[in-house]
Every structure is written in structure tokens, then in C-alpha cells.
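Contents: one structure, followed by commentary.
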Amino acid sequence: MSKHLKIYARLSNTRANNAAPADDDEDDSKSGDVSVKRQLEAGHAFARSHPEYTHVCRTDDYVEPKGKRSGQSDAHRPRFRDLLSDVERDNETGCIWCYDLSRFSRGDDLLLLLTKFNQRHIRFETRGDIVDLDSFDGQLSVRFKQLINKVRALDDSRKQRTRIQAERLAGAWVGAAPQGLISAGRGKDRHLTVRNETYGSNGQTHSYLDTVRAWFELYAGPRQIGLGNGAQWLNAHGYRWRSNGGEAGSVTAAKLYNLHPANYRGVLEDALLDRVDRRVQERKRFQQNGRVPTNAVMLLHRILYCAHCGFRYNSSRRGVNAYYQHYRGDCDQERGIRMAELDARVLAHLESVVTLTDEQKQEIAEVALAGQEQPRESERKATQASLGRLEDAWIDGNMSEERYIARRAQLLEQIASLPPESPPHRPLTKEEILATITTLADTIRRIHEIAPDLANRTMRDIFTRIEIDGDNLRFSYQQDFKSWFKVA
Ligand SMILES: [Zn+2]
């Protein structure tokens with residue numbers, strides 16, 4: 001009996017996050033993503049052209065339900081988990097098909113999964129990506145593709161953040177008005193103001209102004225308050241944030257949190273805003289002091305050993321600095337090594353022994369080019385454009401005031417419920433991709449800033465072990481890596 005072909009389909013995060021019902025028949029240019037229907041069509045076409053596999057639409061198609069939040073995490077992708085457990089259980093799977101690689105898994109586990117399929121002789125097919133895992137350079141190419149995509153995400157979001165920050169500091173409001181707030185004025189005069197209304201349910205009534213003030217009081221207070229805590233506090237004090245009386249979500253809280261006090265002049269008391277302003281400045285200084293996030297993954301996680309006693313190094317933290325440290329026992333080797341310094345040394349070493357040949361760069365660029373996602377218009381931009389068109393229609397007299405007000409409120413709610421803006425996506429040209437691939441070490445260095453786990457995995461592809469002996473480092477490479485890069 002022939003083995004089965006299983007097809008996996010899902011909408012990309014931006015679109016899947018949209019709470020509004022998405023129509024499968026919606027054309028792609030409008031939605032900005034390939035609809036599930038189109039993905040399945042492509043998958044079924046693949047099935048027809050590969051009769052060596054059995055494919056049963058009803059049982060072999062795994063389609064993620066719509067409206068799921070956070071498609072990024074596997075825990076929130078029930079059908080993906082079904083697929084993996086079915087593949088694990090039955091011995092009947094011959095091939096897995098997905099529209100593109102990034103849709104299947106964006107996480108660091110991608111390579112692991114593909115390797116596992118490969119070992120079980122399960123073919124993995126996508127519409128365009130080149131995946132050749134039989135060789136080590138195939139693995140490294142997939143890894144590089146992930147790295148390069150992350151580099152771009154980093155660059156985009158940095159540019160975006162800087163621009164938004166500058167505009168906000170100049171007093172302009174950028175983005176959608178959070179729930180409870182409306183944007184007023186036009187063009188340069190556009191600013192936020194608090195809705196002069198009340199909301200509530202179950203006998204409790206709040207004004208939007210009170211709720212906004214409550215959040216600011218909280219933020220200006222002595223305690224460090226995180227987004228989740230803030231939302232919890234609002235809930236506990238009866239500030240039901242949504243107009244339908246629902247919980248104050250952390251997403252809403254996040255939006256308020258990011259507001260610059262300059263936007264609230266004239267709406268909230270100056271004294272309160274000054275306190276918030278001071279807190280914002282304090283936090284900024286604190287962050288600029290080089291504090292390392294506590295959940296940082298060590299670049300050399302699981303590959304760093306003590307040459308004296310053989311113990312592996314862990315991380316520790318003293319003040320603002322992170323250190324590599326190992327269990328001391330009877331060992332006389334110095335205890336803590338500054339993480340940033342050692343990482344820099346190891347990467348500098350890597351730079352000195354490994355040079356990517358032009359041929360290798362070209363190969364990696366080809367893979368990255370083939371695997372790029374198509375650009376899509378952000379949900380937020382699309383909704384804001386609808387809002388613009390609506391206002392035009394009303395100004396032109398093509399719409400009753402009643403209808404305008406109702407539709408406008410609807411759109412504003414919709415915008416407020418959207419997740420934070422993700423960076424714009426434009427496919428890179430091959431030249432741009434090539435420019436990103438400078439050296440292996442440099443790419444890893446940049447990735448470590450945004451995706452430490454991915455950087456660490458790459459390091460573990462390269463090194464089996466790094467030993468510390470006083471001031472000396474001894475490097476042991478993976479066999480495959482040595483042969484690909486012709487490292488002695
Ligand atoms: Zn030791």
C-alpha cells in the first residue's frame with residue numbers, strides 16, 4: 001500500500017490574529033496573505049501530480065482553525081500538533097506538504113523537525129523552498145535562511161521603532177487609538193484625546209478618563225509594574241476596559257503603556273504627567289546602563305567547559321553584568337568570566353578561521369531568496385485606509401451621518417483590538433541578501449541580539465566544545481563544519 005501525503009495549511013500570523021471572520025474566498029491581494037483555500041488547492045495539485053502517495057482530503061489535510069491568537073507558538077497550533085503526533089503514531093506517512101517553509105514552522109525547531117522527517121524517510125515538500133538536508137551544507141543553509149530573515153526583521157523593527165519614537169516625542173500620535181481614546185485633528189495636528197464617555201456593565205460605571213488616569217497613576221507609582229500586572233490591577237479594581245465589559249487585556253495595556261505623556265497634555269493633570277515623564281526617563285536610563293535581560297540565552301550554552309575540572313559553565317549575574325560561571329568544587333580556575341567579553345573573543349576567533357567563499361554566499365542567498373515570504377499589507381494599515389475612505393465618503397456627502405458614526409466606531413474598535421504592528425515586509429533582492437551575508441561570525445553576532453536561542457543553536461552546529469584554560473581557549477569543531485569550511 002502506498003504511503004500517505006499529509007497537507008498542512010494555516011494563515012500567517014498577521015491575518016490569523018484578526019478577530020474579524022476571515023473569508024476563505026477573499027482574494028489574496030485584499031487580505032495580503034494566501035488564503036487557506038488557495039494553499040489547499042496548491043497542495044491538492046501536488047497530490048494529483050504525485051499518485052505514488054495516497055491522499056484523502058478529509059483525513060490528510062491539517063488546517064489550523066481561524067481566529068487563533070499567536071500562531072507563532074506551536075502550543076497555539078492544535079492542528080500542527082495533531083499532524084506531528086499522527087506522523088509519530090502511524091507508520092503511513094510518506095510525504096508532508098506545506099505551502100512554504102516559514103508557514104510550517106518559524107521557530108528554531110524547524111531544522112530539528114526536518115531532520116527528524118529526513119531520518120524517518122518522510123519527504124518534506126513546499127511550493128518553492130529548497131530543502132536539501134542530506135548534506136551538512138543543506139542544514140547550514142536552512143539555518144542561514146532563518147538567520148537572515150531574523151536580521152531583516154531586526155533591521156526593519158529598529159527603523160520602525162526609531163521613526164515612531166521620534167514622531168511621538170514630537171507630540172504626534174502614530175498608530176491606532178487604543179480603546180477609550182480617540183484621535184482628533186488631522187495631519188500634523190493629529191493627537192489623542194480621551195473619549196468623553198462612560199462605559200460599564202453589572203452596575204459598575206466608569207468614565208474612560210478615570211480608567212486612563214488610573215493606569216497612569218499606577219505607572220507613576222513606586223512599583224515597577226509590568227503590562228500583565230497592570231492589566232490585572234485594572235481588572236481587580238473593576239475597570240472593565242472593553243465596552244462589552246470584558247477584561248482589560250494586556251494588549252490594550254501595552255498600548256497605553258507606550259503612550260508618551262506629551263500626548264495627554266490638556267487631558268490629564270500636568271502634575272501626573274510630569275511624574276510619568278520622570279518614570280519614563282528613569283527607565284530609559286536604567287535600560288541604557290547595559291542591563292542584560294534575565295532570560296537571555298547564553299551564546300555558548302552547553303558548549304563551554306572548564307579544562308581543569310571538566311564542569312560545564314552556566315550563567316550568573318552580578319549587578320548589571322552577566323558572567324559565565326561553573327560549579328567550583330575543588331577547581332581553582334577563576335570563577336566568573338564576563339559573558340560579553342568571552343562571546344566577543346569566540347566570535348572573533350570564528351571570524352579568523354572561517355571565511356565564506358563567494359560560492360557559498362551565492363548558495364545561501366539562493367536558498368534565502370527562494371524561501372522569502374511575499375509582502376503583505378498590514379491589517380492595521382488596511383483598516384486605517386478603510387477609515388480614510390470612510391471619512392472621504394462622508395465629507396463628500398455620500399453617506400448619512402448616522403451610518404458614518406456607526407461605521408467609524410466599528411472600525412476604531414477593530415483597530416484597537418489589533419495586535420501591535422509588525423514590521424513591514426518587503427522581499428529582499430538577491431543583492432540585498434548577499435549584503436547581509438558578510439561573515440558567519442557577524443551574522444551570529446547580530447542574531448544573538450534578537451534571537452539568542454537561534455544563535456546558540458548555530459554555535460552548537462559549529463562547535464562541539466570550547467574549553468577554558470586560564471587565558472587560553474581550546475576549540476573543538478563539528479566534523480561536518482570542518483569539512484565544509486576546510487577548517488584544520
Ligand atoms: Zn573548573
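We name chains A, B, ... following the order of the C-alpha cells; residues begin at 1 in each chain, and ligands are numbered from 1 as shown.
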
Give me the residues of chain A that have any atom at most 7 Å from an atom of ligand 1; for each, the nearest atom pair and the distance in Å, rounded to one decimal. Use only C-alpha atoms and all ligand atoms, sort by chain and number, and format it as CSV.
residue,atom,partner,partner_atom_place_in_ligand_line,distance
A:Cys306,CA,ligand 1,1 (Zn),4.5
A:Ala307,CA,ligand 1,1 (Zn),6.4
A:His308,CA,ligand 1,1 (Zn),4.8
A:Cys309,CA,ligand 1,1 (Zn),4.0
A:Gly310,CA,ligand 1,1 (Zn),6.0
A:Phe311,CA,ligand 1,1 (Zn),5.7
A:His326,CA,ligand 1,1 (Zn),6.6
A:Arg328,CA,ligand 1,1 (Zn),6.1
A:Cys331,CA,ligand 1,1 (Zn),4.6
A:Asp332,CA,ligand 1,1 (Zn),6.6
A:Gln333,CA,ligand 1,1 (Zn),5.3

With N, CA and C atoms kept, could you save the residues just selected as a short mmCIF file (atom, residue, chain, number, x, y, z; two decimals), in the first residue's frame?
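What ended up in again.cif:
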data_model
loop_
_atom_site.label_atom_id
_atom_site.label_comp_id
_atom_site.auth_asym_id
_atom_site.auth_seq_id
_atom_site.Cartn_x
_atom_site.Cartn_y
_atom_site.Cartn_z
N CYS A 306 35.14 23.76 31.50
CA CYS A 306 36.37 24.08 32.22
C CYS A 306 37.42 23.00 31.92
N ALA A 307 38.60 23.44 31.50
CA ALA A 307 39.65 22.48 31.13
C ALA A 307 40.25 21.82 32.38
N HIS A 308 40.07 22.43 33.53
CA HIS A 308 40.66 21.89 34.76
C HIS A 308 39.81 20.78 35.36
N CYS A 309 38.53 21.07 35.53
CA CYS A 309 37.70 20.09 36.24
C CYS A 309 36.65 19.44 35.34
N GLY A 310 36.49 19.97 34.14
CA GLY A 310 35.56 19.35 33.19
C GLY A 310 34.12 19.78 33.35
N PHE A 311 33.83 20.63 34.34
CA PHE A 311 32.45 21.06 34.51
C PHE A 311 32.03 22.05 33.42
N HIS A 326 31.15 28.38 36.53
CA HIS A 326 30.93 26.95 36.67
C HIS A 326 30.98 26.55 38.13
N ARG A 328 32.17 25.30 41.34
CA ARG A 328 33.58 25.38 41.67
C ARG A 328 34.14 24.09 42.26
N CYS A 331 37.85 23.04 42.11
CA CYS A 331 38.56 23.65 40.99
C CYS A 331 39.11 25.02 41.36
N ASP A 332 40.35 25.28 40.89
CA ASP A 332 40.95 26.57 41.24
C ASP A 332 40.86 27.57 40.08
N GLN A 333 40.22 27.16 39.01
CA GLN A 333 40.07 28.09 37.89
C GLN A 333 39.17 29.26 38.29
#

Which residues are close to Ser315 of chain A, i.e. within 6 Å by only C-alpha atoms, leaving aside same-chain residues fewer than 6 positions away? Reply as a list in words. Tyr323, Tyr324 and Gln325 of chain A

With C-alpha atoms kept, could you save the residues just selected as a PDB file, in the first residue's frame?
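Ended up saving to result_4.pdb:
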ATOM      1  CA  TYR A 323      29.020  36.087  33.681  1.00  0.00           C
ATOM      2  CA  TYR A 324      29.882  32.565  32.668  1.00  0.00           C
ATOM      3  CA  GLN A 325      30.418  30.600  35.803  1.00  0.00           C
TER       4      GLN A 325
END

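Using only C-alpha atoms, the smallest distance between any of A:Cys57, A:Leu84, A:Leu218, A:Cys98 and Leu113 of chain A comes from A:Leu84.
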
Could you pull out all residues of segment 266-398 of chain A with a DSSP call of helix (DSSP H, G or I) and give them as a ChimeraX atom specification? /A:270-288,339-353,358-370,379-395

Show me, as an mmCIF file with C-alpha atoms, in the first residue's frame, the residues that have an atom within 9 Å of segment 48-55 of chain A when counting only C-alpha atoms, minus same-chain residues fewer than 4 positions from it.
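The file below, out-v6.cif, is the result:
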data_model
loop_
_atom_site.group_PDB
_atom_site.id
_atom_site.type_symbol
_atom_site.label_atom_id
_atom_site.label_comp_id
_atom_site.auth_asym_id
_atom_site.auth_seq_id
_atom_site.Cartn_x
_atom_site.Cartn_y
_atom_site.Cartn_z
ATOM 1 C CA MET A 1 0.000 0.000 0.000
ATOM 2 C CA SER A 2 1.283 3.428 -0.802
ATOM 3 C CA LYS A 3 2.133 5.857 1.940
ATOM 4 C CA HIS A 4 0.093 8.934 2.750
ATOM 5 C CA LEU A 5 0.597 12.522 1.786
ATOM 6 C CA LYS A 6 -0.324 14.942 4.565
ATOM 7 C CA ILE A 7 -1.020 18.597 3.893
ATOM 8 C CA GLY A 43 -1.404 21.066 -2.089
ATOM 9 C CA HIS A 44 -4.056 19.026 -3.869
ATOM 10 C CA THR A 59 -8.159 12.916 6.930
ATOM 11 C CA ASP A 60 -4.888 14.039 5.445
ATOM 12 C CA ASP A 61 -5.438 17.802 5.467
ATOM 13 C CA THR A 93 3.261 8.974 6.205
ATOM 14 C CA GLY A 94 5.413 9.244 3.119
ATOM 15 C CA CYS A 95 5.324 12.962 2.488
#
